[in-house]
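Novice: Following this message is one structure expressed as structure tokens.
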Amino acid sequence: MATDVLQVQTTVPSESDGERIAAHLVDGKLAACVQVVGPIRSTYRWRGRVEEAEEWLLLVKTTTARYPAVAAAIGSLHPYDEPELIALPVVAGSKGYLAWVAESVATPGASSAGQR
């Protein structure tokens with residue numbers, strides 16, 4: 001079963017960065033929910049060196065239609081030069097939850113947000 005719901009993820013260097021981006025996305029009806037998880041420890045290669053950092057993971061619930069606006073918002077608000085931005089399709093989920101996500105990010109003039 002395919003859905004139009006996506007889970008977008010990115011990492012940020014601080015909880016406050018995560019909260020700021022989460023508030024912007026939810027207030028702007030770009031995301032139904034953003035979970036700010038952390039701290040997490042990341043090990044990665046950047047500019048030829050292995051780096052380690054404490055980060056916070058953002059799990060953004062949105063739809064394929066809203067993804068371009070989500071990506072643009074994250075790109076403009078993110079403190080990293082090259083932020084992680086990954087969109088994973090939600091292949092199945094409860095009917096009510098998927099409807100809530102879609103209603104929560106509906107463009108102006110569409111149905112109002114549902115309850116979770």
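Convention: chains lettered A, B, ... in structure tokens order; per-chain residue numbering from 1; ligands numbered from 1 as shown.
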Find the spatial neighbours of A:Ala71, counting only C-alpha atoms, within a cut-off of 10 Å - ignore same-chain residues fewer than 3 positions away - and output them as a PyMOL selection string.
Specialist: chain A and resi 8+30+66-68+74-76+85-87
Novice: List the neighbours of A:Asp4 out to 12 Å using only C-alpha atoms; skip same-chain residues closer than 2 positions along the sequence, and give me the result as a list in words.
Specialist: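 Here the answer would be Met1, Ala2, Leu6, Gln7, Lys61, Thr62, Thr63, Thr64, Ala65, Arg66, Tyr67, Ala87, Leu88, Pro89, Val90, Val91, Ala92, Gly93, Lys95, Leu98, Ala99, Val101, Ala102, Glu103 and Val105 of chain A.
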Novice: Give me every strand (DSSP E) residue in stretch 48-90 of chain A, going by DSSP on the backbone, as an mmCIF file with N, CA and C atoms, in the first residue's frame.
Specialist:
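Once written, part09.cif looks like this:
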```
data_model
loop_
_atom_site.group_PDB
_atom_site.id
_atom_site.type_symbol
_atom_site.label_atom_id
_atom_site.label_comp_id
_atom_site.auth_asym_id
_atom_site.auth_seq_id
_atom_site.Cartn_x
_atom_site.Cartn_y
_atom_site.Cartn_z
ATOM 1 N N ARG A 49 37.959 14.397 6.232
ATOM 2 C CA ARG A 49 38.305 14.009 7.604
ATOM 3 C C ARG A 49 37.128 13.312 8.266
ATOM 4 N N VAL A 50 37.437 12.389 9.158
ATOM 5 C CA VAL A 50 36.397 11.763 9.957
ATOM 6 C C VAL A 50 36.103 12.684 11.135
ATOM 7 N N GLU A 51 34.840 13.020 11.291
ATOM 8 C CA GLU A 51 34.396 13.941 12.343
ATOM 9 C C GLU A 51 33.414 13.223 13.259
ATOM 10 N N GLU A 52 33.262 13.740 14.466
ATOM 11 C CA GLU A 52 32.237 13.286 15.398
ATOM 12 C C GLU A 52 31.546 14.517 15.950
ATOM 13 N N ALA A 53 30.243 14.382 16.152
ATOM 14 C CA ALA A 53 29.494 15.521 16.682
ATOM 15 C C ALA A 53 28.261 15.039 17.428
ATOM 16 N N GLU A 54 27.851 15.831 18.409
ATOM 17 C CA GLU A 54 26.569 15.625 19.055
ATOM 18 C C GLU A 54 25.547 16.388 18.218
ATOM 19 N N GLU A 55 24.459 15.705 17.865
ATOM 20 C CA GLU A 55 23.431 16.316 17.037
ATOM 21 C C GLU A 55 22.055 15.956 17.569
ATOM 22 N N TRP A 56 21.051 16.582 16.976
ATOM 23 C CA TRP A 56 19.650 16.316 17.257
ATOM 24 C C TRP A 56 19.001 15.927 15.938
ATOM 25 N N LEU A 57 18.197 14.878 15.969
ATOM 26 C CA LEU A 57 17.536 14.340 14.783
ATOM 27 C C LEU A 57 16.113 14.873 14.700
ATOM 28 N N LEU A 58 15.751 15.428 13.556
ATOM 29 C CA LEU A 58 14.386 15.883 13.324
ATOM 30 C C LEU A 58 13.689 14.891 12.412
ATOM 31 N N LEU A 59 12.531 14.395 12.837
ATOM 32 C CA LEU A 59 11.691 13.502 12.053
ATOM 33 C C LEU A 59 10.434 14.284 11.705
ATOM 34 N N VAL A 60 10.304 14.636 10.447
ATOM 35 C CA VAL A 60 9.260 15.536 9.966
ATOM 36 C C VAL A 60 8.188 14.725 9.244
ATOM 37 N N LYS A 61 6.931 14.846 9.672
ATOM 38 C CA LYS A 61 5.817 14.148 9.022
ATOM 39 C C LYS A 61 5.126 15.118 8.088
ATOM 40 N N THR A 62 5.110 14.788 6.788
ATOM 41 C CA THR A 62 4.521 15.674 5.784
ATOM 42 C C THR A 62 3.998 14.837 4.623
ATOM 43 N N THR A 63 3.685 15.491 3.511
ATOM 44 C CA THR A 63 3.208 14.790 2.317
ATOM 45 C C THR A 63 4.134 15.086 1.140
ATOM 46 N N ILE A 86 16.686 13.957 3.886
ATOM 47 C CA ILE A 86 16.276 12.675 3.334
ATOM 48 C C ILE A 86 14.768 12.550 3.493
ATOM 49 N N ALA A 87 14.086 12.146 2.430
ATOM 50 C CA ALA A 87 12.643 11.908 2.491
ATOM 51 C C ALA A 87 12.390 10.426 2.280
ATOM 52 N N LEU A 88 11.733 9.819 3.258
ATOM 53 C CA LEU A 88 11.419 8.401 3.203
ATOM 54 C C LEU A 88 9.916 8.221 3.014
ATOM 55 N N PRO A 89 9.503 7.414 2.050
ATOM 56 C CA PRO A 89 8.065 7.206 1.867
ATOM 57 C C PRO A 89 7.488 6.361 2.988
#
```
Novice: Using DSSP on the backbone coordinates, identify all residues within stretch 13-107 of chain A classified as alpha helix (DSSP H); present the result as a ChimeraX atom specification.
Specialist: /A:15-27,67-77,95-104
Novice: Using only C-alpha atoms, which of the listed residues (A:Lys29, A:Arg20, A:Arg41, A:Arg47) sits closest to A:Val70?
Specialist: A:Lys29
Novice: If I take atom CA of A:His24 and atom CA of A:Ser94, how far is one from the other in Å, to one decimal?
Specialist: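 We find that atom CA of A:His24 and atom CA of A:Ser94 lie 26.1 Å from each other.
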Novice: Enter the distance from atom CA of A:Val36 to atom CA of A:Gly18, in Å, rounded to one decimal.
Specialist: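 According to the coordinates, atom CA of A:Val36 and atom CA of A:Gly18 are separated by 6.1 Å.
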Novice: I'd like the neighbourhood of A:Ile21 as a PyMOL selection string, where a residue qualifies if any of its atoms comes within 9 Å (using only C-alpha atoms), though same-chain residues fewer than 5 positions away should be ignored.
Specialist: chain A and resi 16+26+34+58+73-74+77-78
Novice: Can I get the selected residues back with N, CA and C atoms, as a PDB file, in the first residue's frame?
Specialist:
```
ATOM      1  N   SER A  16      17.932  23.678  20.366  1.00  0.00           N
ATOM      2  CA  SER A  16      17.249  24.931  20.032  1.00  0.00           C
ATOM      3  C   SER A  16      17.095  25.097  18.518  1.00  0.00           C
ATOM      4  N   VAL A  26       5.698  23.349  11.561  1.00  0.00           N
ATOM      5  CA  VAL A  26       4.334  23.060  12.024  1.00  0.00           C
ATOM      6  C   VAL A  26       3.465  24.311  11.958  1.00  0.00           C
ATOM      7  N   VAL A  34       6.755  17.343  14.057  1.00  0.00           N
ATOM      8  CA  VAL A  34       8.209  17.206  13.969  1.00  0.00           C
ATOM      9  C   VAL A  34       8.687  16.702  15.323  1.00  0.00           C
ATOM     10  N   LEU A  58      15.751  15.428  13.556  1.00  0.00           N
ATOM     11  CA  LEU A  58      14.386  15.883  13.324  1.00  0.00           C
ATOM     12  C   LEU A  58      13.689  14.891  12.412  1.00  0.00           C
ATOM     13  N   ALA A  73      12.282  25.330   3.223  1.00  0.00           N
ATOM     14  CA  ALA A  73      12.305  25.910   4.571  1.00  0.00           C
ATOM     15  C   ALA A  73      13.495  25.392   5.372  1.00  0.00           C
ATOM     16  N   ILE A  74      13.713  24.083   5.335  1.00  0.00           N
ATOM     17  CA  ILE A  74      14.859  23.527   6.059  1.00  0.00           C
ATOM     18  C   ILE A  74      16.152  24.117   5.511  1.00  0.00           C
ATOM     19  N   LEU A  77      16.617  27.670   6.868  1.00  0.00           N
ATOM     20  CA  LEU A  77      16.735  27.818   8.323  1.00  0.00           C
ATOM     21  C   LEU A  77      17.900  27.048   8.920  1.00  0.00           C
ATOM     22  N   HIS A  78      18.457  26.124   8.186  1.00  0.00           N
ATOM     23  CA  HIS A  78      19.453  25.190   8.715  1.00  0.00           C
ATOM     24  C   HIS A  78      20.817  25.849   8.873  1.00  0.00           C
TER      25      HIS A  78
END
```
Novice: What's the separation between atom CA of A:Glu82 and atom CA of A:Ser14, in Å to one decimal place?
Specialist: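 Atom CA of A:Glu82 sits 15.8 Å away from atom CA of A:Ser14.
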